[in-house]
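Everything below belongs to protein07.txt, which stores compact mmCIF, N, CA and C atoms.
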# COMPACT_ATOMS: atom_id res chain seq x y z
N MET A 1 25.84 13.21 -164.55
CA MET A 1 26.47 13.54 -163.28
C MET A 1 25.64 12.98 -162.14
N ARG A 2 26.29 12.28 -161.23
CA ARG A 2 25.62 11.65 -160.10
C ARG A 2 25.26 12.69 -159.04
N GLN A 3 24.03 12.60 -158.57
CA GLN A 3 23.57 13.49 -157.51
C GLN A 3 24.10 13.01 -156.17
N GLN A 4 24.52 13.95 -155.33
CA GLN A 4 25.03 13.59 -154.01
C GLN A 4 23.89 13.12 -153.12
N SER A 5 24.21 12.15 -152.28
CA SER A 5 23.22 11.68 -151.31
C SER A 5 23.13 12.71 -150.18
N PRO A 6 22.03 12.68 -149.42
CA PRO A 6 21.92 13.58 -148.27
C PRO A 6 23.10 13.43 -147.30
N ALA A 7 23.55 12.21 -147.07
CA ALA A 7 24.68 11.99 -146.16
C ALA A 7 25.94 12.67 -146.69
N GLU A 8 26.17 12.59 -147.99
CA GLU A 8 27.34 13.24 -148.58
C GLU A 8 27.25 14.76 -148.44
N GLN A 9 26.06 15.30 -148.58
CA GLN A 9 25.88 16.75 -148.45
C GLN A 9 26.11 17.20 -147.01
N ILE A 10 25.61 16.44 -146.05
CA ILE A 10 25.84 16.76 -144.64
C ILE A 10 27.33 16.69 -144.33
N LYS A 11 27.98 15.62 -144.81
CA LYS A 11 29.42 15.44 -144.59
C LYS A 11 30.20 16.60 -145.19
N GLN A 12 29.82 17.03 -146.37
CA GLN A 12 30.50 18.14 -147.04
C GLN A 12 30.40 19.42 -146.19
N PHE A 13 29.23 19.67 -145.60
CA PHE A 13 29.06 20.84 -144.75
C PHE A 13 29.92 20.74 -143.49
N LEU A 14 29.91 19.57 -142.85
CA LEU A 14 30.71 19.37 -141.64
C LEU A 14 32.21 19.51 -141.94
N ASP A 15 32.63 19.01 -143.11
CA ASP A 15 34.03 19.16 -143.52
C ASP A 15 34.38 20.63 -143.71
N PHE A 16 33.44 21.38 -144.28
CA PHE A 16 33.64 22.82 -144.47
C PHE A 16 33.85 23.52 -143.13
N VAL A 17 33.03 23.21 -142.15
CA VAL A 17 33.15 23.84 -140.82
C VAL A 17 34.48 23.45 -140.18
N ASP A 18 34.85 22.17 -140.26
CA ASP A 18 36.12 21.71 -139.69
C ASP A 18 37.32 22.37 -140.38
N GLU A 19 37.24 22.47 -141.69
CA GLU A 19 38.32 23.09 -142.47
C GLU A 19 38.47 24.57 -142.12
N SER A 20 37.35 25.25 -141.91
CA SER A 20 37.39 26.66 -141.51
C SER A 20 38.13 26.82 -140.20
N ARG A 21 37.85 25.96 -139.24
CA ARG A 21 38.52 26.01 -137.94
C ARG A 21 40.02 25.77 -138.10
N LYS A 22 40.38 24.76 -138.91
CA LYS A 22 41.80 24.45 -139.11
C LYS A 22 42.53 25.61 -139.78
N LEU A 23 41.91 26.19 -140.80
CA LEU A 23 42.53 27.32 -141.49
C LEU A 23 42.71 28.51 -140.56
N TYR A 24 41.71 28.76 -139.73
CA TYR A 24 41.78 29.86 -138.78
C TYR A 24 42.93 29.64 -137.79
N ASP A 25 43.00 28.45 -137.22
CA ASP A 25 44.04 28.13 -136.24
C ASP A 25 45.44 28.21 -136.85
N LEU A 26 45.58 27.70 -138.07
CA LEU A 26 46.88 27.74 -138.74
C LEU A 26 47.28 29.18 -139.04
N ALA A 27 46.35 29.97 -139.52
CA ALA A 27 46.64 31.37 -139.82
C ALA A 27 47.02 32.13 -138.54
N GLU A 28 46.32 31.85 -137.46
CA GLU A 28 46.61 32.50 -136.17
C GLU A 28 48.02 32.15 -135.70
N GLU A 29 48.39 30.90 -135.84
CA GLU A 29 49.73 30.46 -135.46
C GLU A 29 50.79 31.15 -136.32
N ASN A 30 50.51 31.26 -137.62
CA ASN A 30 51.45 31.91 -138.53
C ASN A 30 51.58 33.40 -138.23
N VAL A 31 50.50 34.06 -137.85
CA VAL A 31 50.56 35.48 -137.48
C VAL A 31 51.49 35.65 -136.28
N LYS A 32 51.35 34.78 -135.29
CA LYS A 32 52.21 34.87 -134.10
C LYS A 32 53.68 34.66 -134.47
N THR A 33 53.95 33.72 -135.36
CA THR A 33 55.32 33.46 -135.81
C THR A 33 55.89 34.69 -136.52
N GLU A 34 55.09 35.28 -137.41
CA GLU A 34 55.55 36.46 -138.14
C GLU A 34 55.77 37.65 -137.20
N GLU A 35 54.96 37.76 -136.16
CA GLU A 35 55.15 38.85 -135.19
C GLU A 35 56.48 38.67 -134.45
N LYS A 36 56.82 37.44 -134.13
CA LYS A 36 58.11 37.18 -133.48
C LYS A 36 59.26 37.48 -134.44
N ARG A 37 59.09 37.07 -135.69
CA ARG A 37 60.12 37.34 -136.71
C ARG A 37 60.29 38.85 -136.89
N GLN A 38 59.17 39.55 -136.89
CA GLN A 38 59.20 41.01 -137.04
C GLN A 38 60.01 41.65 -135.92
N THR A 39 59.79 41.21 -134.69
CA THR A 39 60.55 41.73 -133.55
C THR A 39 62.04 41.45 -133.71
N ASP A 40 62.36 40.24 -134.15
CA ASP A 40 63.77 39.89 -134.38
C ASP A 40 64.39 40.80 -135.44
N LEU A 41 63.66 41.05 -136.51
CA LEU A 41 64.19 41.88 -137.60
C LEU A 41 64.35 43.34 -137.16
N LEU A 42 63.42 43.83 -136.36
CA LEU A 42 63.55 45.19 -135.85
C LEU A 42 64.80 45.34 -134.99
N HIS A 43 65.06 44.33 -134.18
CA HIS A 43 66.29 44.36 -133.38
C HIS A 43 67.52 44.25 -134.27
N GLU A 44 67.42 43.45 -135.31
CA GLU A 44 68.54 43.32 -136.24
C GLU A 44 68.83 44.66 -136.90
N ILE A 45 67.78 45.37 -137.29
CA ILE A 45 67.96 46.71 -137.88
C ILE A 45 68.59 47.65 -136.86
N GLU A 46 68.08 47.60 -135.66
CA GLU A 46 68.57 48.49 -134.59
C GLU A 46 70.05 48.28 -134.31
N PHE A 47 70.48 47.04 -134.31
CA PHE A 47 71.85 46.74 -133.91
C PHE A 47 72.79 46.46 -135.10
N SER A 48 72.36 46.75 -136.32
CA SER A 48 73.21 46.55 -137.49
C SER A 48 74.40 47.50 -137.44
N SER A 49 75.52 47.01 -137.93
CA SER A 49 76.72 47.84 -137.89
C SER A 49 76.90 48.69 -139.15
N ASN A 50 76.20 48.31 -140.24
CA ASN A 50 76.34 49.11 -141.47
C ASN A 50 75.03 49.13 -142.25
N SER A 51 74.97 49.97 -143.26
CA SER A 51 73.73 50.16 -144.02
C SER A 51 73.36 48.93 -144.85
N LYS A 52 74.35 48.17 -145.30
CA LYS A 52 74.08 46.98 -146.09
C LYS A 52 73.28 45.96 -145.26
N GLU A 53 73.70 45.74 -144.02
CA GLU A 53 72.98 44.82 -143.12
C GLU A 53 71.58 45.35 -142.81
N ARG A 54 71.48 46.67 -142.58
CA ARG A 54 70.18 47.28 -142.29
C ARG A 54 69.23 47.13 -143.48
N ASN A 55 69.74 47.35 -144.69
CA ASN A 55 68.90 47.23 -145.89
C ASN A 55 68.42 45.79 -146.09
N LYS A 56 69.31 44.84 -145.84
CA LYS A 56 68.94 43.43 -145.97
C LYS A 56 67.84 43.08 -144.96
N ALA A 57 68.01 43.52 -143.72
CA ALA A 57 67.01 43.26 -142.67
C ALA A 57 65.70 43.98 -142.98
N ALA A 58 65.79 45.19 -143.53
CA ALA A 58 64.58 45.94 -143.87
C ALA A 58 63.80 45.24 -144.98
N THR A 59 64.50 44.67 -145.94
CA THR A 59 63.84 43.92 -147.01
C THR A 59 63.14 42.69 -146.42
N CYS A 60 63.80 42.01 -145.51
CA CYS A 60 63.19 40.85 -144.84
C CYS A 60 61.98 41.29 -144.02
N LEU A 61 62.09 42.45 -143.38
CA LEU A 61 60.97 42.98 -142.59
C LEU A 61 59.77 43.27 -143.48
N HIS A 62 60.03 43.83 -144.66
CA HIS A 62 58.96 44.11 -145.63
C HIS A 62 58.22 42.81 -146.00
N LYS A 63 58.98 41.77 -146.30
CA LYS A 63 58.38 40.47 -146.65
C LYS A 63 57.61 39.90 -145.46
N CYS A 64 58.19 40.01 -144.27
CA CYS A 64 57.55 39.51 -143.05
C CYS A 64 56.20 40.19 -142.84
N ARG A 65 56.16 41.50 -143.01
CA ARG A 65 54.91 42.26 -142.83
C ARG A 65 53.86 41.84 -143.87
N ALA A 66 54.28 41.61 -145.10
CA ALA A 66 53.35 41.18 -146.15
C ALA A 66 52.78 39.80 -145.83
N ASP A 67 53.65 38.89 -145.36
CA ASP A 67 53.19 37.54 -144.99
C ASP A 67 52.21 37.61 -143.82
N ARG A 68 52.55 38.42 -142.84
CA ARG A 68 51.68 38.58 -141.67
C ARG A 68 50.30 39.09 -142.09
N ARG A 69 50.26 40.06 -142.99
CA ARG A 69 48.99 40.60 -143.49
C ARG A 69 48.17 39.51 -144.19
N ARG A 70 48.85 38.70 -144.99
CA ARG A 70 48.17 37.61 -145.70
C ARG A 70 47.54 36.63 -144.70
N TYR A 71 48.27 36.29 -143.65
CA TYR A 71 47.74 35.38 -142.63
C TYR A 71 46.59 36.01 -141.85
N LYS A 72 46.71 37.29 -141.56
CA LYS A 72 45.62 37.98 -140.84
C LYS A 72 44.36 38.04 -141.71
N ASP A 73 44.54 38.25 -143.01
CA ASP A 73 43.39 38.25 -143.92
C ASP A 73 42.70 36.89 -143.93
N GLU A 74 43.49 35.82 -143.91
CA GLU A 74 42.92 34.47 -143.87
C GLU A 74 42.16 34.26 -142.56
N MET A 75 42.71 34.76 -141.46
CA MET A 75 42.00 34.66 -140.18
C MET A 75 40.64 35.36 -140.27
N LYS A 76 40.65 36.56 -140.85
CA LYS A 76 39.40 37.33 -140.98
C LYS A 76 38.39 36.61 -141.86
N ARG A 77 38.88 35.93 -142.92
CA ARG A 77 37.99 35.18 -143.81
C ARG A 77 37.23 34.09 -143.06
N GLN A 78 37.89 33.46 -142.11
CA GLN A 78 37.30 32.32 -141.40
C GLN A 78 36.68 32.71 -140.06
N GLU A 79 36.96 33.90 -139.59
CA GLU A 79 36.61 34.31 -138.23
C GLU A 79 35.12 34.19 -137.90
N GLN A 80 34.24 34.68 -138.75
CA GLN A 80 32.81 34.67 -138.43
C GLN A 80 32.26 33.24 -138.34
N ILE A 81 32.78 32.36 -139.16
CA ILE A 81 32.35 30.95 -139.12
C ILE A 81 32.79 30.32 -137.80
N VAL A 82 34.04 30.57 -137.42
CA VAL A 82 34.59 30.02 -136.18
C VAL A 82 33.82 30.57 -134.98
N ILE A 83 33.59 31.87 -134.97
CA ILE A 83 32.85 32.49 -133.86
C ILE A 83 31.44 31.90 -133.77
N PHE A 84 30.79 31.74 -134.92
CA PHE A 84 29.43 31.20 -134.94
C PHE A 84 29.38 29.81 -134.31
N PHE A 85 30.31 28.95 -134.68
CA PHE A 85 30.27 27.58 -134.17
C PHE A 85 30.94 27.41 -132.82
N ASN A 86 31.55 28.47 -132.29
CA ASN A 86 32.05 28.44 -130.91
C ASN A 86 30.94 28.74 -129.91
N ASN A 87 29.85 29.32 -130.39
CA ASN A 87 28.69 29.58 -129.55
C ASN A 87 28.12 28.24 -129.09
N ASP A 88 27.77 28.14 -127.80
CA ASP A 88 27.31 26.87 -127.23
C ASP A 88 26.14 26.26 -127.98
N GLN A 89 25.14 27.09 -128.28
CA GLN A 89 23.96 26.57 -128.98
C GLN A 89 24.33 26.04 -130.36
N ASN A 90 25.17 26.78 -131.07
CA ASN A 90 25.54 26.37 -132.42
C ASN A 90 26.47 25.16 -132.41
N ARG A 91 27.32 25.06 -131.39
CA ARG A 91 28.17 23.88 -131.25
C ARG A 91 27.30 22.65 -131.02
N LYS A 92 26.22 22.84 -130.25
CA LYS A 92 25.28 21.74 -129.99
C LYS A 92 24.64 21.29 -131.31
N VAL A 93 24.25 22.23 -132.15
CA VAL A 93 23.66 21.90 -133.45
C VAL A 93 24.68 21.15 -134.30
N LEU A 94 25.93 21.57 -134.26
CA LEU A 94 26.99 20.90 -135.02
C LEU A 94 27.14 19.45 -134.57
N ASN A 95 27.11 19.23 -133.26
CA ASN A 95 27.19 17.86 -132.74
C ASN A 95 25.97 17.04 -133.15
N GLN A 96 24.79 17.67 -133.16
CA GLN A 96 23.59 16.98 -133.61
C GLN A 96 23.68 16.63 -135.10
N LEU A 97 24.30 17.50 -135.88
CA LEU A 97 24.50 17.20 -137.30
C LEU A 97 25.44 16.01 -137.48
N ARG A 98 26.45 15.91 -136.64
CA ARG A 98 27.36 14.75 -136.72
C ARG A 98 26.60 13.45 -136.40
N GLN A 99 25.72 13.51 -135.41
CA GLN A 99 24.91 12.34 -135.07
C GLN A 99 23.94 12.02 -136.21
N LEU A 100 23.36 13.07 -136.78
CA LEU A 100 22.45 12.89 -137.91
C LEU A 100 23.17 12.22 -139.07
N LEU A 101 24.40 12.63 -139.31
CA LEU A 101 25.19 12.03 -140.40
C LEU A 101 25.33 10.53 -140.19
N GLY A 102 25.61 10.11 -138.98
CA GLY A 102 25.74 8.67 -138.70
C GLY A 102 24.44 7.93 -138.97
N ARG A 103 23.33 8.50 -138.48
CA ARG A 103 22.03 7.85 -138.71
C ARG A 103 21.67 7.83 -140.20
N GLN A 104 21.97 8.92 -140.90
CA GLN A 104 21.65 9.01 -142.32
C GLN A 104 22.47 8.01 -143.13
N ARG A 105 23.72 7.87 -142.80
CA ARG A 105 24.58 6.89 -143.50
C ARG A 105 24.05 5.47 -143.30
N LYS A 106 23.65 5.19 -142.07
CA LYS A 106 23.12 3.86 -141.76
C LYS A 106 21.85 3.59 -142.57
N GLU A 107 20.99 4.59 -142.64
CA GLU A 107 19.74 4.44 -143.40
C GLU A 107 20.01 4.27 -144.89
N GLU A 108 20.93 5.06 -145.43
CA GLU A 108 21.25 4.95 -146.85
C GLU A 108 21.92 3.62 -147.16
N GLU A 109 22.73 3.15 -146.25
CA GLU A 109 23.36 1.84 -146.44
C GLU A 109 22.29 0.75 -146.53
N TYR A 110 21.30 0.84 -145.67
CA TYR A 110 20.20 -0.13 -145.69
C TYR A 110 19.43 -0.01 -147.01
N LEU A 111 19.11 1.22 -147.41
CA LEU A 111 18.32 1.42 -148.62
C LEU A 111 19.06 0.98 -149.88
N ASN A 112 20.38 1.07 -149.87
CA ASN A 112 21.17 0.69 -151.04
C ASN A 112 21.58 -0.78 -151.03
N SER A 113 21.28 -1.47 -149.95
CA SER A 113 21.68 -2.88 -149.86
C SER A 113 20.69 -3.76 -150.63
N GLU A 114 21.06 -5.00 -150.75
CA GLU A 114 20.21 -5.99 -151.40
C GLU A 114 19.14 -6.40 -150.40
N ARG A 115 17.89 -5.99 -150.62
CA ARG A 115 16.82 -6.28 -149.67
C ARG A 115 15.92 -7.38 -150.23
N THR A 116 15.45 -8.19 -149.35
CA THR A 116 14.50 -9.24 -149.75
C THR A 116 13.31 -9.22 -148.81
N TYR A 117 12.19 -9.66 -149.31
CA TYR A 117 11.00 -9.71 -148.49
C TYR A 117 10.95 -11.06 -147.79
N LYS A 118 10.68 -11.02 -146.50
CA LYS A 118 10.51 -12.25 -145.74
C LYS A 118 9.03 -12.39 -145.39
N THR A 119 8.46 -13.50 -145.76
CA THR A 119 7.04 -13.71 -145.49
C THR A 119 6.79 -13.75 -143.98
N ARG A 120 5.66 -13.28 -143.57
CA ARG A 120 5.36 -13.19 -142.16
C ARG A 120 4.53 -14.38 -141.65
N VAL A 121 3.99 -15.11 -142.56
CA VAL A 121 3.13 -16.20 -142.12
C VAL A 121 3.78 -17.54 -142.44

Whole structure, structure tokens version:
Amino acid sequence: MRQQSPAEQIKQFLDFVDESRKLYDLAEENVKTEEKRQTDLLHEIEFSSNSKERNKAATCLHKCRADRRRYKDEMKRQEQIVIFFNNDQNRKVLNQLRQLLGRQRKEEEYLNSERTYKTRV
């Protein structure tokens, strides 16, 4: 099994942080959508003309609430990571890591290239 280079390990960490942010944002958006759906379903229940329509809407409401909970749980899973990297000092470190990744890749590219010695005299 091939060992990862330092650049690959740094990239993997940065990808993890970016993915956490994306998952958090997506889950937050989905929670808002489910809350709107929930309001619609509550109104549908309120204004239903018979029990069959109310039961159908109630079943949809049950599913909506379960989906909303799942999205909120995902938000909670990612929340501490997002909060940590939203801090100015930690965001600065993240940007420095991105710069480090560029320098590290350049160095590894040089070290892995075909090098020759050029005489100085």

Subject >> Shell around region 80-88 of chain A at 12 Å using only C-alpha atoms, local window under 6 positions removed, as a PyMOL selection string >> reply: chain A and resi 14+16-25+74+94-95

Print the selection's residues with N, CA and C atoms to a file, as a PDB file, in the frame of the given file.
ATOM      1  N   LEU A  14      29.910  19.570-142.850  1.00  0.00           N
ATOM      2  CA  LEU A  14      30.710  19.370-141.640  1.00  0.00           C
ATOM      3  C   LEU A  14      32.210  19.510-141.940  1.00  0.00           C
ATOM      4  N   PHE A  16      33.440  21.380-144.280  1.00  0.00           N
ATOM      5  CA  PHE A  16      33.640  22.820-144.470  1.00  0.00           C
ATOM      6  C   PHE A  16      33.850  23.520-143.130  1.00  0.00           C
ATOM      7  N   VAL A  17      33.030  23.210-142.150  1.00  0.00           N
ATOM      8  CA  VAL A  17      33.150  23.840-140.820  1.00  0.00           C
ATOM      9  C   VAL A  17      34.480  23.450-140.180  1.00  0.00           C
ATOM     10  N   ASP A  18      34.850  22.170-140.260  1.00  0.00           N
ATOM     11  CA  ASP A  18      36.120  21.710-139.690  1.00  0.00           C
ATOM     12  C   ASP A  18      37.320  22.370-140.380  1.00  0.00           C
ATOM     13  N   GLU A  19      37.240  22.470-141.690  1.00  0.00           N
ATOM     14  CA  GLU A  19      38.320  23.090-142.470  1.00  0.00           C
ATOM     15  C   GLU A  19      38.470  24.570-142.120  1.00  0.00           C
ATOM     16  N   SER A  20      37.350  25.250-141.910  1.00  0.00           N
ATOM     17  CA  SER A  20      37.390  26.660-141.510  1.00  0.00           C
ATOM     18  C   SER A  20      38.130  26.820-140.200  1.00  0.00           C
ATOM     19  N   ARG A  21      37.850  25.960-139.240  1.00  0.00           N
ATOM     20  CA  ARG A  21      38.520  26.010-137.940  1.00  0.00           C
ATOM     21  C   ARG A  21      40.020  25.770-138.100  1.00  0.00           C
ATOM     22  N   LYS A  22      40.380  24.760-138.910  1.00  0.00           N
ATOM     23  CA  LYS A  22      41.800  24.450-139.110  1.00  0.00           C
ATOM     24  C   LYS A  22      42.530  25.610-139.780  1.00  0.00           C
ATOM     25  N   LEU A  23      41.910  26.190-140.800  1.00  0.00           N
ATOM     26  CA  LEU A  23      42.530  27.320-141.490  1.00  0.00           C
ATOM     27  C   LEU A  23      42.710  28.510-140.560  1.00  0.00           C
ATOM     28  N   TYR A  24      41.710  28.760-139.730  1.00  0.00           N
ATOM     29  CA  TYR A  24      41.780  29.860-138.780  1.00  0.00           C
ATOM     30  C   TYR A  24      42.930  29.640-137.790  1.00  0.00           C
ATOM     31  N   ASP A  25      43.000  28.450-137.220  1.00  0.00           N
ATOM     32  CA  ASP A  25      44.040  28.130-136.240  1.00  0.00           C
ATOM     33  C   ASP A  25      45.440  28.210-136.850  1.00  0.00           C
ATOM     34  N   GLU A  74      43.490  35.820-143.910  1.00  0.00           N
ATOM     35  CA  GLU A  74      42.920  34.470-143.870  1.00  0.00           C
ATOM     36  C   GLU A  74      42.160  34.260-142.560  1.00  0.00           C
ATOM     37  N   LEU A  94      25.930  21.570-134.260  1.00  0.00           N
ATOM     38  CA  LEU A  94      26.990  20.900-135.020  1.00  0.00           C
ATOM     39  C   LEU A  94      27.140  19.450-134.570  1.00  0.00           C
ATOM     40  N   ASN A  95      27.110  19.230-133.260  1.00  0.00           N
ATOM     41  CA  ASN A  95      27.190  17.860-132.740  1.00  0.00           C
ATOM     42  C   ASN A  95      25.970  17.040-133.150  1.00  0.00           C
TER      43      ASN A  95
END

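If you look at CA of Leu100 (chain A) and CA of Gln4 (chain A), they are 16.3 Å away from each other.
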
Original post:
Can you tell me how far atom N of Leu42 (chain A) sits from atom N of Arg70 (chain A), in Å to one decimal?
Top reply: 17.7 Å

Original post:
Could you name the residues that touch Leu101 (chain A) at 6 Å or less, counting only N, CA and C atoms, but leaving out those on the same chain fewer than 5 positions away, as a ChimeraX atom specification?
Top reply: /A:7,96,106

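CA of Gly102 (chain A) is found 14.2 Å from CA of Asp15 (chain A).
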
Original post:
Which residues, written as number ranges by chain, have at least one atom at most 8 Å from Arg105 (chain A), with all atoms listed in the file counted and residues fewer than 5 positions away on the same chain left out?
Top reply: A: 6-8, 99-100, 110-111

Original post:
Which one of A:Lys52, A:Lys72, A:His62, A:Lys92 sits closest to Asn30 (chain A) if you count only N, CA and C atoms?
Top reply: A:Lys72

Taking every listed atom of region 42-47 of chain A and adding 4 Å to each side, what centre and edge lengths in Å (one decimal) does the axis-aligned box have, as JSON?
{"center_x": 68.1, "center_y": 45.9, "center_z": -135.6, "size_x": 17.4, "size_y": 13.2, "size_z": 12.5}

**OP:** Compare A:Ser113, A:Gln38, A:Gln104, A:Gln9 by their minimum atom-to-atom distance to Asp67 (chain A), counting only C-alpha atoms, and give me the closest one.
**Re:** A:Gln38

Subject >> Expected answer as a PyMOL selection string: all residues with atoms within 12 Å of (48.3, 37.9, -144.7), only C-alpha atoms >> reply: chain A and resi 24+26-32+34-35+63-77

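Among the candidate residues A:Arg115, A:Arg103, A:Arg54, A:Arg91, the one lying nearest to Ile10 (chain A) is A:Arg103, with distances computed using only C-alpha atoms.
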
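Distances from A:Glu44, A:Arg98, A:Val121, A:Lys11 to Lys56 (chain A) were compared using only C-alpha atoms, and the smallest one belongs to A:Glu44.
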
Original post:
Looking only at the backbone, which of the residues in chain A does DSSP tag as alpha helix (DSSP H), as a PyMOL selection string?
Top reply: chain A and resi 6-46+51-86+88-112
